[in-house]
Amino acid sequence: MKFAIKFYRGCRTLQKADEIIIRYNEKSASLIDFVQKWEEHQRIIIDITELETPIEECLTIFEEARKLHKEFAVLLSYNQDYVELAGMNIPFFFIEGASCFDDLANQIQLGVSDVYIINELGFNLEKISELCHQNNVQVRVYPNVAQSGSKLNMNTFQQFYIRPDAVQLYEEFVDVFEFFGPLDKQPVLYDIYYDERWLGNLNEVILGLNKVVNNQTIMPYFDTSRIRCNKRCNFGKCDICGAVENLGKALEEKGVGLTRKRATHDERDIDEENMWNEPAAIISLDDEVSEET
């Protein structure tokens, strides 16, 4: 799994990040110097969604930046001119996520390098990843926010998000995790998801989750089911989320819970029989956040 971190001064996670996203709001040749400061394997993504200068005036700078740092891409919006970027073979993708298969197919057809999978489409990642990878498109998600295409947030526990404990299960289908929310929370979220476990309440990690659910009471089949369930619950054909939630309440009443070992990253094969082990100390999401945005 690759992790994307949005750039801000003082962020302690930038050196570890697989991707660094930086805002580029006006034409500036300082981008040339910036891209050369990072390791070759680190992908530099410039976010031009709020660019005040016409894109065509910046193309020479973008082209030079890519020559100096091969892992380079541009993040832009639908209403911006991506045709010039495509013509110069500069990788690009859209800030607007794909929330339906038409969105996904259209973005792939336009030649994007990546696509954000959001809302209900996140419940069909097995098929989506196959389609994207066949077209050399990376699958990106925001794992730490409960997402739905509906404005009626009836049951956020059933919405799309990914628990830290499920990172290994999603590695086959998702290429990049990018964190949603305040910049100064990124280092802590990175640590939590990199360790692949959380020992507190799930709503402390997942933004928009309006229920207090102890993450240590959630059974692993909750995650394995949601990868490919395609939200059958909307047709009355599945209630795994509800069953897991009710079982979790029963376990908490009995003082019983499960937790994974902290990931070592030496061996990435999934061993579901041994994924769960003795608990360690509980971490607060607000710990160690002292950087300024």
# chains A, B, ... in the order shown; residues from 1 in each chain; ligands from 1

call {"tool": "residues_around", "arguments": {"residues": "range 177-186 of chain A", "least_positions_apart": "2", "cutoff": "10 Å", "atoms": "only C-alpha atoms", "output": "count of residues only"}}
result
47

call {"tool": "select_by_dssp", "arguments": {"residues": "range 75-271 of chain A", "states": "alpha helix (DSSP H)", "output": "VMD selection string"}}
result
chain A and resid 83 to 87 101 to 110 125 to 134 167 to 170 186 to 195 221 to 226 240 to 253

call {"tool": "residues_around", "arguments": {"residues": "range 245-252 of chain A", "least_positions_apart": "6", "cutoff": "8 Å", "atoms": "only C-alpha atoms", "output": "PDB file with N, CA, C and O atoms, in the first residue's frame"}}
result
ATOM      1  N   VAL A 213     -18.404   3.073  18.121  1.00  0.00           N
ATOM      2  CA  VAL A 213     -18.211   1.625  17.996  1.00  0.00           C
ATOM      3  C   VAL A 213     -16.778   1.299  18.368  1.00  0.00           C
ATOM      4  O   VAL A 213     -15.837   1.838  17.772  1.00  0.00           O
ATOM      5  N   ASN A 214     -16.586   0.440  19.350  1.00  0.00           N
ATOM      6  CA  ASN A 214     -15.243   0.029  19.749  1.00  0.00           C
ATOM      7  C   ASN A 214     -14.632  -0.828  18.642  1.00  0.00           C
ATOM      8  O   ASN A 214     -15.157  -1.903  18.317  1.00  0.00           O
ATOM      9  N   THR A 217     -14.090  -4.614  18.835  1.00  0.00           N
ATOM     10  CA  THR A 217     -15.222  -5.550  18.855  1.00  0.00           C
ATOM     11  C   THR A 217     -15.736  -5.851  17.444  1.00  0.00           C
ATOM     12  O   THR A 217     -16.729  -6.557  17.289  1.00  0.00           O
ATOM     13  N   ILE A 218     -15.061  -5.327  16.419  1.00  0.00           N
ATOM     14  CA  ILE A 218     -15.489  -5.563  15.035  1.00  0.00           C
ATOM     15  C   ILE A 218     -14.778  -6.795  14.485  1.00  0.00           C
ATOM     16  O   ILE A 218     -13.546  -6.862  14.461  1.00  0.00           O
ATOM     17  N   MET A 219     -15.561  -7.764  14.025  1.00  0.00           N
ATOM     18  CA  MET A 219     -15.008  -9.009  13.511  1.00  0.00           C
ATOM     19  C   MET A 219     -14.383  -8.803  12.133  1.00  0.00           C
ATOM     20  O   MET A 219     -14.865  -7.984  11.328  1.00  0.00           O
TER      21      MET A 219
END

call {"tool": "atom_distance", "arguments": {"atom1": "CA of Ala166 in chain A", "atom2": "CA of Cys229 in chain A"}}
result
15.3 Å

call {"tool": "atom_distance", "arguments": {"atom1": "CA of Leu59 in chain A", "atom2": "CA of Asn135 in chain A"}}
result
25.2 Å

call {"tool": "atom_distance", "arguments": {"atom1": "CA of Leu76 in chain A", "atom2": "CA of Asn230 in chain A"}}
result
28.6 Å

call {"tool": "closest_residue", "arguments": {"among": "A:Ile118, A:Leu199, A:Leu75, A:Leu85", "to": "Thr60 in chain A", "atoms": "only C-alpha atoms"}}
result
A:Leu85

call {"tool": "select_by_dssp", "arguments": {"residues": "range 23-154 of chain A", "states": "strand (DSSP E or B)", "output": "MDAnalysis selection string"}}
result
chainID A and resid 23 43:47 72:76 92:94 98 114:117 138:141 145 147

call {"tool": "closest_residue", "arguments": {"among": "A:Glu57, A:Glu84, A:Glu64, A:Glu52", "to": "Leu31 in chain A", "atoms": "only C-alpha atoms"}}
result
A:Glu64

call {"tool": "closest_residue", "arguments": {"among": "A:Ile117, A:Ile128, A:Cys241, A:Val176", "to": "Ile20 in chain A", "atoms": "only C-alpha atoms"}}
result
A:Val176

call {"tool": "residues_around", "arguments": {"residues": "Phe94 in chain A", "least_positions_apart": "2", "cutoff": "12 Å", "atoms": "only C-alpha atoms", "output": "number ranges by chain"}}
result
A: 45-49, 73-82, 91-92, 96-98, 103-104, 106-108, 110-117, 140

call {"tool": "write_last_selection", "arguments": {"atoms": "C-alpha atoms", "output": "compact mmCIF listing (two decimals), in the first residue's frame"}}
result
# COMPACT_ATOMS: atom_id res chain seq x y z
CA ILE A 45 1.73 15.46 -7.32
CA ILE A 46 0.96 19.12 -7.87
CA ASP A 47 -2.58 20.16 -7.04
CA ILE A 48 -3.58 22.87 -9.53
CA THR A 49 -7.31 22.86 -8.75
CA ALA A 73 1.69 14.00 -11.87
CA VAL A 74 -0.86 16.79 -11.97
CA LEU A 75 -4.10 16.87 -10.01
CA LEU A 76 -6.77 19.08 -11.57
CA SER A 77 -10.52 19.54 -11.93
CA TYR A 78 -12.97 18.64 -14.69
CA ASN A 79 -13.36 22.30 -15.64
CA GLN A 80 -9.64 22.73 -16.33
CA ASP A 81 -7.79 22.01 -19.57
CA TYR A 82 -6.37 18.51 -19.29
CA PRO A 91 0.28 12.13 -16.05
CA PHE A 92 -2.88 13.73 -14.67
CA GLU A 96 -13.53 14.69 -8.59
CA GLY A 97 -13.96 11.10 -7.52
CA ALA A 98 -15.77 8.35 -9.38
CA ASP A 103 -17.69 8.33 -13.85
CA LEU A 104 -15.07 5.60 -13.72
CA ASN A 106 -15.24 8.21 -18.57
CA GLN A 107 -12.16 9.08 -16.54
CA ILE A 108 -10.34 6.01 -17.78
CA LEU A 110 -9.81 10.37 -20.91
CA GLY A 111 -6.46 8.82 -19.99
CA VAL A 112 -6.12 9.51 -16.26
CA SER A 113 -3.24 8.00 -14.32
CA ASP A 114 -5.30 7.62 -11.13
CA VAL A 115 -8.91 7.73 -10.03
CA TYR A 116 -10.48 8.42 -6.64
CA ILE A 117 -13.08 5.78 -5.83
CA ARG A 140 -7.06 5.86 -4.82
